[in-house]
Structures are given as C-alpha cells and as structure tokens.
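Structure below is coords33.txt: compact mmCIF, C-alpha atoms.
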# COMPACT_ATOMS: atom_id res chain seq x y z
CA ILE A 1 7.57 -47.87 -44.60
CA CYS A 2 9.28 -44.93 -42.87
CA SER A 3 11.04 -45.82 -39.69
CA THR A 4 10.42 -43.83 -36.52
CA PRO A 5 13.39 -41.54 -35.66
CA THR A 6 15.37 -42.44 -32.58
CA GLY A 7 14.29 -40.48 -29.48
CA TYR A 8 11.03 -39.38 -31.06
CA LYS A 9 8.06 -38.97 -28.73
CA PRO A 10 4.55 -38.52 -30.08
CA PRO A 11 2.64 -35.44 -28.91
CA VAL A 12 0.50 -36.06 -25.87
CA ASN A 13 -3.03 -34.71 -26.11
CA ASP A 14 -4.91 -33.43 -23.08
CA ALA A 15 -8.53 -34.05 -22.33
CA ASP A 16 -9.52 -31.13 -24.55
CA GLY A 17 -7.65 -32.66 -27.50
CA GLU A 18 -4.92 -30.01 -27.65
CA SER A 19 -1.31 -31.10 -27.68
CA THR A 20 1.13 -30.12 -24.95
CA GLU A 21 3.47 -28.56 -27.53
CA ALA A 22 0.67 -26.35 -28.82
CA LYS A 23 -0.17 -25.15 -25.33
CA LYS A 24 3.50 -24.48 -24.61
CA SER A 25 3.87 -22.40 -27.75
CA LYS A 26 0.82 -20.37 -26.76
CA SER A 27 1.96 -19.82 -23.18
CA ASP A 28 5.34 -18.64 -24.50
CA ALA A 29 3.71 -15.78 -26.40
CA PRO A 30 5.73 -12.56 -25.92
CA SER A 31 4.58 -10.15 -23.21
CA PHE A 32 5.78 -7.04 -25.00
CA ASN A 33 2.59 -6.62 -27.01
CA PHE A 34 1.78 -2.92 -26.72
CA GLY A 35 -1.98 -3.48 -26.82
CA PHE A 36 -2.81 -1.66 -30.06
CA GLY A 37 -5.69 -2.96 -32.13
CA GLY A 38 -7.56 -4.38 -29.16
CA ARG A 39 -5.39 -7.49 -29.03
CA ASN A 40 -5.42 -9.19 -25.65
CA THR A 41 -2.63 -11.49 -24.55
CA GLU A 42 -4.99 -13.31 -22.20
CA SER A 43 -6.69 -14.95 -25.21
CA PHE A 44 -3.61 -17.06 -25.92
CA SER A 45 -3.74 -19.15 -22.80
CA SER A 46 -5.14 -19.38 -19.32
CA THR A 47 -1.62 -18.70 -18.02
CA PRO A 48 -1.46 -15.18 -16.46
CA HIS A 49 0.22 -12.56 -18.62
CA ALA A 50 1.50 -9.09 -17.87
CA GLU A 51 -0.73 -6.22 -18.89
CA THR A 52 0.17 -4.40 -22.08
CA PRO A 53 2.04 -1.10 -21.69
CA LEU A 54 -0.90 0.73 -23.21
CA ASN A 55 -3.24 -0.61 -20.53
CA VAL A 56 -0.78 0.42 -17.84
CA LEU A 57 -0.61 3.96 -19.19
CA ARG A 58 -4.41 4.20 -19.19
CA ASP A 59 -4.54 3.99 -15.39
CA PRO A 60 -5.67 7.44 -14.14
CA ILE A 61 -4.15 6.87 -10.69
CA LEU A 62 -0.75 6.15 -12.23
CA LEU A 63 -0.95 9.24 -14.48
CA THR A 64 -1.89 11.41 -11.50
CA PHE A 65 0.96 9.96 -9.48
CA VAL A 66 3.44 10.65 -12.31
CA VAL A 67 2.32 14.30 -12.49
CA MET A 68 2.64 14.52 -8.72
CA CYS A 69 6.22 13.18 -8.78
CA PHE A 70 7.16 15.65 -11.51
CA LEU A 71 5.72 18.66 -9.68
CA PHE A 72 7.26 17.73 -6.33
CA HIS A 73 10.77 17.57 -7.75
CA LEU A 74 10.14 20.61 -9.91
CA ALA A 75 9.67 22.56 -6.68
CA ASN A 76 12.06 20.71 -4.39
CA ALA A 77 15.28 20.17 -6.33
CA SER A 78 16.36 23.82 -6.53
CA ILE A 79 15.58 24.80 -2.94
CA LEU A 80 18.80 23.38 -1.46
CA PRO A 81 21.10 25.34 -3.83
CA LEU A 82 19.09 28.50 -3.14
CA VAL A 83 19.37 28.01 0.61
CA MET A 84 23.11 27.46 0.30
CA GLN A 85 23.40 30.69 -1.67
CA THR A 86 21.42 32.70 0.86
CA LEU A 87 23.71 31.42 3.63
CA ALA A 88 26.94 32.02 1.70
CA ILE A 89 26.30 35.49 0.30
CA GLY A 90 28.11 38.12 2.37
CA GLU A 91 29.21 35.72 5.10
CA GLY A 92 32.75 34.84 3.98
CA ARG A 93 34.20 31.62 5.35
CA SER A 94 31.34 31.03 7.75
CA GLY A 95 28.94 31.06 4.80
CA ILE A 96 30.85 28.23 3.16
CA LEU A 97 30.68 26.26 6.41
CA MET A 98 26.93 26.82 6.70
CA SER A 99 26.44 25.72 3.10
CA GLY A 100 28.22 22.46 3.82
CA LEU A 101 26.13 21.92 6.95
CA CYS A 102 22.99 22.19 4.81
CA ILE A 103 23.84 18.91 3.11
CA ILE A 104 24.98 17.16 6.28
CA VAL A 105 21.83 18.07 8.23
CA SER A 106 19.41 17.06 5.48
CA GLN A 107 21.16 13.75 4.75
CA THR A 108 21.26 12.80 8.43
CA ILE A 109 17.55 13.44 8.91
CA MET A 110 16.77 11.66 5.64
CA VAL A 111 18.22 8.40 6.94
CA GLY A 112 16.03 8.49 10.05
CA SER A 113 12.94 9.45 8.04
CA ALA A 114 13.44 6.56 5.64
CA LYS A 115 13.73 4.19 8.62
CA LEU A 116 10.43 5.46 10.03
CA CYS A 117 8.69 4.91 6.69
CA GLY A 118 9.99 1.37 6.48
CA ASP A 119 8.78 0.58 10.00
CA TYR A 120 5.32 2.16 9.91
CA SER A 121 4.21 2.13 6.26
CA THR A 122 2.55 -1.27 6.79
CA VAL A 123 1.02 -0.21 10.10
CA TYR A 124 -0.60 3.13 9.26
CA GLY A 125 -0.72 2.81 5.48
CA ARG A 126 1.01 4.78 2.76
CA LYS A 127 -1.06 7.95 2.65
CA PRO A 128 -0.45 9.53 6.10
CA LEU A 129 3.31 9.10 5.87
CA PHE A 130 3.49 10.26 2.27
CA LEU A 131 1.48 13.39 3.08
CA VAL A 132 3.97 14.30 5.80
CA GLY A 133 6.78 14.31 3.24
CA LEU A 134 4.76 16.21 0.64
CA PHE A 135 3.51 18.99 2.91
CA SER A 136 6.95 19.43 4.50
CA LEU A 137 8.10 21.11 1.28
CA SER A 138 5.53 23.93 1.46
CA VAL A 139 6.07 24.40 5.19
CA ARG A 140 9.81 24.67 4.59
CA CYS A 141 9.36 27.31 1.89
CA LEU A 142 6.99 29.29 4.14
CA LEU A 143 9.56 29.32 6.94
CA LEU A 144 12.26 30.45 4.52
CA VAL A 145 10.08 33.34 3.31
CA ILE A 146 9.48 34.45 6.92
CA LEU A 147 13.17 34.17 7.89
CA LEU A 148 14.38 36.04 4.82
CA THR A 149 11.84 38.78 5.50
CA LEU A 150 13.20 39.13 9.03
CA ARG A 151 16.78 39.18 7.76
CA ASP A 152 16.00 41.89 5.23
CA ALA A 153 14.38 43.98 7.96
CA ASN A 154 16.92 43.42 10.76
CA GLY A 155 20.12 42.60 8.91
CA HIS A 156 22.32 39.50 9.04
CA SER A 157 22.71 37.74 12.37
CA THR A 158 24.01 34.40 13.54
CA VAL A 159 20.63 33.44 14.99
CA LEU A 160 18.85 33.96 11.68
CA GLN A 161 21.58 32.07 9.85
CA VAL A 162 21.14 29.10 12.18
CA CYS A 163 17.36 29.28 11.77
CA ILE A 164 17.70 29.25 7.98
CA LEU A 165 20.03 26.28 8.28
CA SER A 166 17.52 24.47 10.52
CA THR A 167 14.96 24.46 7.71
CA GLN A 168 17.08 21.72 6.17
CA LEU A 169 15.59 19.42 8.80
CA LEU A 170 12.39 19.54 6.76
CA ASP A 171 14.40 18.85 3.62
CA GLY A 172 15.57 15.60 5.18
CA VAL A 173 12.01 14.74 6.18
CA GLY A 174 10.71 15.38 2.67
CA ALA A 175 13.53 13.50 0.95
CA GLY A 176 13.37 10.51 3.31
CA PHE A 177 9.59 10.15 3.25
CA PHE A 178 9.23 10.76 -0.48
CA GLY A 179 12.19 8.61 -1.49
CA THR A 180 10.85 5.62 0.42
CA MET A 181 7.12 6.01 -0.06
CA TYR A 182 7.10 6.64 -3.81
CA ILE A 183 8.61 3.19 -4.40
CA LEU A 184 6.01 1.55 -2.14
CA VAL A 185 3.12 3.42 -3.77
CA THR A 186 4.44 2.53 -7.22
CA SER A 187 4.53 -1.11 -6.18
CA ASP A 188 0.94 -0.87 -4.93
CA ILE A 189 -0.29 0.77 -8.14
CA SER A 190 1.38 -1.83 -10.37
CA ARG A 191 0.34 -4.81 -8.23
CA GLY A 192 -1.03 -7.63 -10.36
CA SER A 193 -0.10 -5.98 -13.66
CA GLY A 194 3.32 -7.57 -14.05
CA ARG A 195 4.72 -4.15 -14.97
CA PHE A 196 6.40 -2.92 -11.80
CA SER A 197 9.72 -2.16 -13.52
CA MET A 198 7.97 -0.20 -16.26
CA THR A 199 5.86 1.75 -13.75
CA LEU A 200 8.89 2.51 -11.58
CA GLY A 201 10.79 3.68 -14.64
CA ILE A 202 7.98 6.08 -15.58
CA THR A 203 7.76 7.62 -12.11
CA THR A 204 11.55 7.87 -11.78
CA ALA A 205 11.79 9.52 -15.20
CA ALA A 206 9.17 12.07 -14.14
CA MET A 207 11.20 12.83 -11.00
CA SER A 208 14.42 13.23 -12.98
CA ILE A 209 12.83 15.54 -15.54
CA GLY A 210 11.26 17.61 -12.77
CA GLY A 211 14.58 17.93 -10.97
CA THR A 212 16.35 18.96 -14.15
CA VAL A 213 13.83 21.68 -14.98
CA SER A 214 13.83 22.80 -11.34
CA GLY A 215 17.50 23.79 -11.53
CA TYR A 216 16.78 26.32 -14.25
CA LEU A 217 13.46 27.47 -12.80
CA GLY A 218 14.79 28.14 -9.31
CA GLN A 219 17.83 30.08 -10.47
CA ALA A 220 15.76 32.09 -12.94
CA LEU A 221 13.25 33.04 -10.23
CA ALA A 222 16.01 34.01 -7.79
CA GLU A 223 17.74 36.14 -10.39
CA ASP A 224 14.61 37.89 -11.69
CA LYS A 225 12.44 38.06 -8.55
CA GLY A 226 14.76 37.54 -5.58
CA TYR A 227 15.29 34.68 -3.16
CA ARG A 228 12.25 35.36 -1.00
CA GLU A 229 9.88 35.45 -3.97
CA ALA A 230 11.53 32.35 -5.44
CA PHE A 231 10.89 30.37 -2.25
CA GLY A 232 7.29 31.56 -2.22
CA ILE A 233 6.64 30.45 -5.80
CA LEU A 234 8.38 27.10 -5.32
CA GLY A 235 6.40 26.52 -2.13
CA PHE A 236 3.15 27.13 -4.00
CA ILE A 237 4.20 24.69 -6.73
CA GLY A 238 5.08 22.14 -4.04
CA LEU A 239 1.62 22.49 -2.55
CA VAL A 240 -0.02 21.21 -5.76
CA PRO A 241 1.31 17.60 -5.58
CA ALA A 242 0.40 17.40 -1.89
CA LEU A 243 -3.20 18.38 -2.66
CA LEU A 244 -3.30 16.02 -5.64
CA TYR A 245 -2.24 13.11 -3.46
CA LEU A 246 -4.63 14.11 -0.69
CA PHE A 247 -7.77 14.39 -2.83
CA CYS A 248 -7.12 12.41 -6.02
CA ILE A 249 -5.18 9.30 -5.00
CA PRO A 250 -6.75 6.79 -2.59
CA GLU A 251 -4.93 4.69 -0.03
CA THR A 252 -3.07 2.13 -2.16
CA PHE A 253 -2.31 -0.25 0.70
CA SER A 254 -5.26 -2.62 1.00
CA ALA A 255 -7.44 -2.48 4.10
CA GLU A 256 -7.09 -6.25 4.65
CA GLU A 257 -3.30 -6.04 4.74
CA LEU A 258 -3.43 -2.93 6.90
CA GLY A 259 -5.70 -4.58 9.47
CA GLY A 260 -3.73 -7.80 9.36
CA ASN A 261 -0.46 -6.00 9.99
CA ARG A 262 -1.94 -4.10 12.92
CA ASN A 263 -3.18 -7.35 14.43
CA THR A 264 0.24 -8.88 13.83
CA MET A 265 1.99 -5.99 15.54
CA THR A 266 -0.40 -6.26 18.49
CA GLY A 267 0.21 -9.99 18.70
CA ILE A 268 3.97 -9.48 18.64
CA ALA A 269 3.72 -6.89 21.42
CA GLU A 270 1.59 -9.21 23.56
CA GLU A 271 3.99 -12.08 22.93
CA ASN A 272 6.95 -9.93 23.94
CA GLU A 273 5.17 -8.95 27.16
CA GLU A 274 4.46 -12.60 27.94
CA ASN A 275 8.08 -13.56 27.28
CA HIS A 276 9.23 -10.68 29.49
CA ASP A 277 6.94 -11.86 32.33
CA ASP A 278 8.21 -15.43 31.96
CA LYS A 279 11.82 -14.24 32.10
CA SER A 280 11.07 -12.19 35.21
CA GLU A 281 9.53 -15.22 36.94
CA ASP A 282 12.52 -17.38 36.00
CA GLN A 283 14.92 -14.77 37.37
CA GLN A 284 12.99 -14.58 40.64
CA ASN A 285 13.10 -18.37 40.96
CA ASP A 286 16.85 -18.33 40.32
CA TYR A 287 17.35 -15.69 43.03
CA LYS A 288 15.33 -17.75 45.51
CA SER A 289 17.37 -20.84 44.70
CA MET A 290 20.61 -18.93 45.26
CA GLU A 291 19.39 -17.61 48.60
CA MET A 292 18.49 -21.12 49.76
CA ILE A 293 21.98 -22.33 48.81

Would you mind giving the structure from this file in structure tokens?
Amino acid sequence: ICSTPTGYKPPVNDADGESTEAKKSKSDAPSFNFGFGGRNTESFSSTPHAETPLNVLRDPILLTFVVMCFLFHLANASILPLVMQTLAIGEGRSGILMSGLCIIVSQTIMVGSAKLCGDYSTVYGRKPLFLVGLFSLSVRCLLLVILLTLRDANGHSTVLQVCILSTQLLDGVGAGFFGTMYILVTSDISRGSGRFSMTLGITTAAMSIGGTVSGYLGQALAEDKGYREAFGILGFIGLVPALLYLFCIPETFSAEELGGNRNTMTGIAEENEENHDDKSEDQQNDYKSMEMI
C-alpha cells in the first residue's frame, strides 16, 4: 500500500464537479492570444479576460481616432519651426529673440490649457474641449497666411512681427488641449477591453510618425512653394482631423457620468455657499459678543 506524501492535500471539487486546480489553470490562461482562428479567451473561464489585440484593432472608432492623431501632428509639428524661420529671416538679433519667445509663449499657454481640460473634461464632456484644440490649428494657419500676406505687401514691421508671434497662443491652446484630451479619449475608447496600454501605444505611435513626416513635409513645402502657401496647405490638412472628430467620433464620455458629474459640481457649489453663509453668521455672532464685552 502506497503511503500518502506528507503535506499532500486532495483536490477539492466544487458543486459542478470540477476541481479548484483545474479552474485555476483555466483562469491563468495567457491574455496575449491574438484572436486568430476565431479563438475566444472567454471560453476558458467565467473570469473576465482582456480582449484580443485583433478585436481591439477592429474597432472603427479607434481606427478613425488613430488616423486623426496622425493627421493632426502631420500638420502641426512643422508649423513652429516655420514660424520661427519667418520671424528670424532678415531681422538679425531681434529675430533670434522672437524665435525664442515662440517657444516660451506656446509652452506657457499650454500649461493653462491642460489645466482647463483637467478641470472641465468631466463637466462638459470630451468632445467640445477636444474640438477647440483641433480647430485652433486651422485658425492659426489662416491667421499666419493673412499676416504674411500683409507683410509681403507692406514690408517688415515690428507690429506684424508681434502679431505673427501672438499666433503661438493658439499653438499653446492646441498642444494643451490635444495633449490632455487624447489620453482621456483613448481611455474612454479602451474602457472594458483591458487593453488601455496597447491602445495608448497605437495612438502615440501615430502621433510620433505624423510628427516625423511633418518635419520633412513642412520644410519641403516652404522651400518649393513659400511660407505662406506652406501654412495654407498645412492648415487644410489640419482641418481634416477636426472634421473627422466632429462627424465620425461620438462623445466617448458616457451620459450617465456626465450628468452625475454636473450634479456633483452643483452639489459642491451649493454646499460651499451653505458653508460660507454659516461662517458669516458665526462671524457676526462673534462680533456681537465682542461688542457686549
């Protein structure tokens, strides 16, 4: 007769007759199945599994959003260097100063824009704020075309140089709004799939590729067509992702969460008003007590 090994525990069967070890082995099935051959990871166990990468890539909203990210950075990345060149050419030392101010102005506005997105993206939803950042690119290019036309007609002047520099305010708006909102929208699109990191990597890769190609495209257009025509073409390209997001991508922030957050904000405001009234009454009582003393 074989003796039972020390520390051995017999498998415990559940009500359905399946051992705990068998269920554990099934629930530990790898999540990196790519989804080819119609295999579904959900058939292994009732435990939730991440969607396969192939299923994630089949989402039309995600694919549209990836194309939108690529086109936005294809148009946007080369505008700052072109603006710096237009300010530096023929201006000597002051042109170098204006080129440096381009970066300072845009980065300062970007910080404030990102703060606004963080505060109000759960109050008004993703789409209105994201559209502000997307359309700011085309508006910026339109203003640059107008200002360069005036400069070509009237010659260089300090006022026009400052006006060209001021268009970098819109660069900060676009960078701040886009940089914050694209992460939030990516999170909304991948919600429940278990593939947020993968989805974020795809959208970030599209942005990086678009920015890389933009450097060559912008300089080639400026060299062959001129700065004014380059800004016009880049502005038209930047209009495409804005229209794609406006008409092809729905609001990704759920209506229940949007309404709940608005009610929460209203409740917080009412509570703050009540606390302020209570503090005012307490202060008045303290003043009366001091007068009596």

What separates CA of Ser99 (chain A) and CA of Leu82 (chain A) is a distance of 10.0 Å

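CA of Met181 (chain A) to CA of Gly133 (chain A) spans 8.9 Å [interatomic distance, one decimal].
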
Item checked: Shell of 9 Å around Thr204 (chain A), all atoms listed in the file, local chain residues under 5 positions omitted, as a PyMOL selection string -> chain A and resi 66+69-70+199+209

*Work out how far apart CA of Ser193 (chain A) and CA of Ala50 (chain A) are and give it in Å to one decimal.*
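CA of Ala50 (chain A) lies at a distance of 5.5 Å from CA of Ser193 (chain A).
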
Next on the checklist: From (12.7, 17.1, 3.3), in the file's coordinates, out to 10 Å: which residues are reached, counting all atoms listed in the file? Answer as a PyMOL selection string.
Outcome noted: chain A and resi 76+80+106-107+109-110+113+132-137+140+167-179

Would you compute the box with edges along x, y and z of the file around region 243-256 of chain A, including every atom the file lists for it and 6 Å extra on each side, and give its centre and edge lengths in Å to one decimal, as lines of an AutoDock Vina configuration file?
center_x = -5.0
center_y = 6.1
center_z = -0.7
size_x = 17.5
size_y = 36.6
size_z = 22.7

So which one's closest to Gly215 (chain A), A:Ile202, A:Ala75, A:Val105, A:Leu165? Using all atoms listed in the file, please.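 That would be A:Ala75, the residue with the smallest distance to Gly215 (chain A).
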
Between A:Gly118, A:Gly125, A:Gly210, A:Gly201, smallest distance to Leu74 (chain A) by all atoms listed in the file belongs to A:Gly210

For the contact check between region 143-231 of chain A and region 236-247 of chain A, emit one row per residue of region 143-231 of chain A within 12 Å, containing the shortest atom pair and the distance in Å rounded to one decimal, counting all atoms listed in the file, chain then rising number order, as a tab-separated table.
residue	atom	partner	partner_atom	distance
A:Val145	CA	A:Phe236	CA	11.8
A:Gly174	CA	A:Gly238	CA	11.1
A:Phe178	CA	A:Ala242	CA	11.1
A:Tyr182	CA	A:Tyr245	CA	11.4
A:Val185	CA	A:Tyr245	CA	11.1
A:Gly210	CA	A:Gly238	CA	11.6
A:Ser214	CA	A:Ile237	CA	10.8
A:Leu217	CA	A:Ile237	CA	11.4
A:Gly218	CA	A:Ile237	CA	11.4
A:Glu229	CA	A:Phe236	CA	10.7
A:Ala230	CA	A:Phe236	CA	10.0
A:Phe231	CA	A:Phe236	CA	8.6

Counting all atoms listed in the file, figure out which residue out of A:Ser166, A:Thr52, A:Thr108, A:Thr186 gets nearest to Thr203 (chain A).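 Ranking A:Ser166, A:Thr52, A:Thr108, A:Thr186 by distance to Thr203 (chain A), first place goes to A:Thr186.
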
- [ ] Have a look at A:Gly192, A:Asp119, A:Ala77, A:Cys248 and name the one nearest to Leu62 (chain A); count all atoms listed in the file.
- [x]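 Comparing A:Gly192, A:Asp119, A:Ala77, A:Cys248 against Leu62 (chain A), the winner is A:Cys248.
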
Nearest candidate to Phe196 (chain A) (options A:Leu184, A:Leu116, A:Asp152, A:Tyr216; using only C-alpha atoms):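 When distances to Phe196 (chain A) are compared using only C-alpha atoms, the smallest one comes from A:Leu184.
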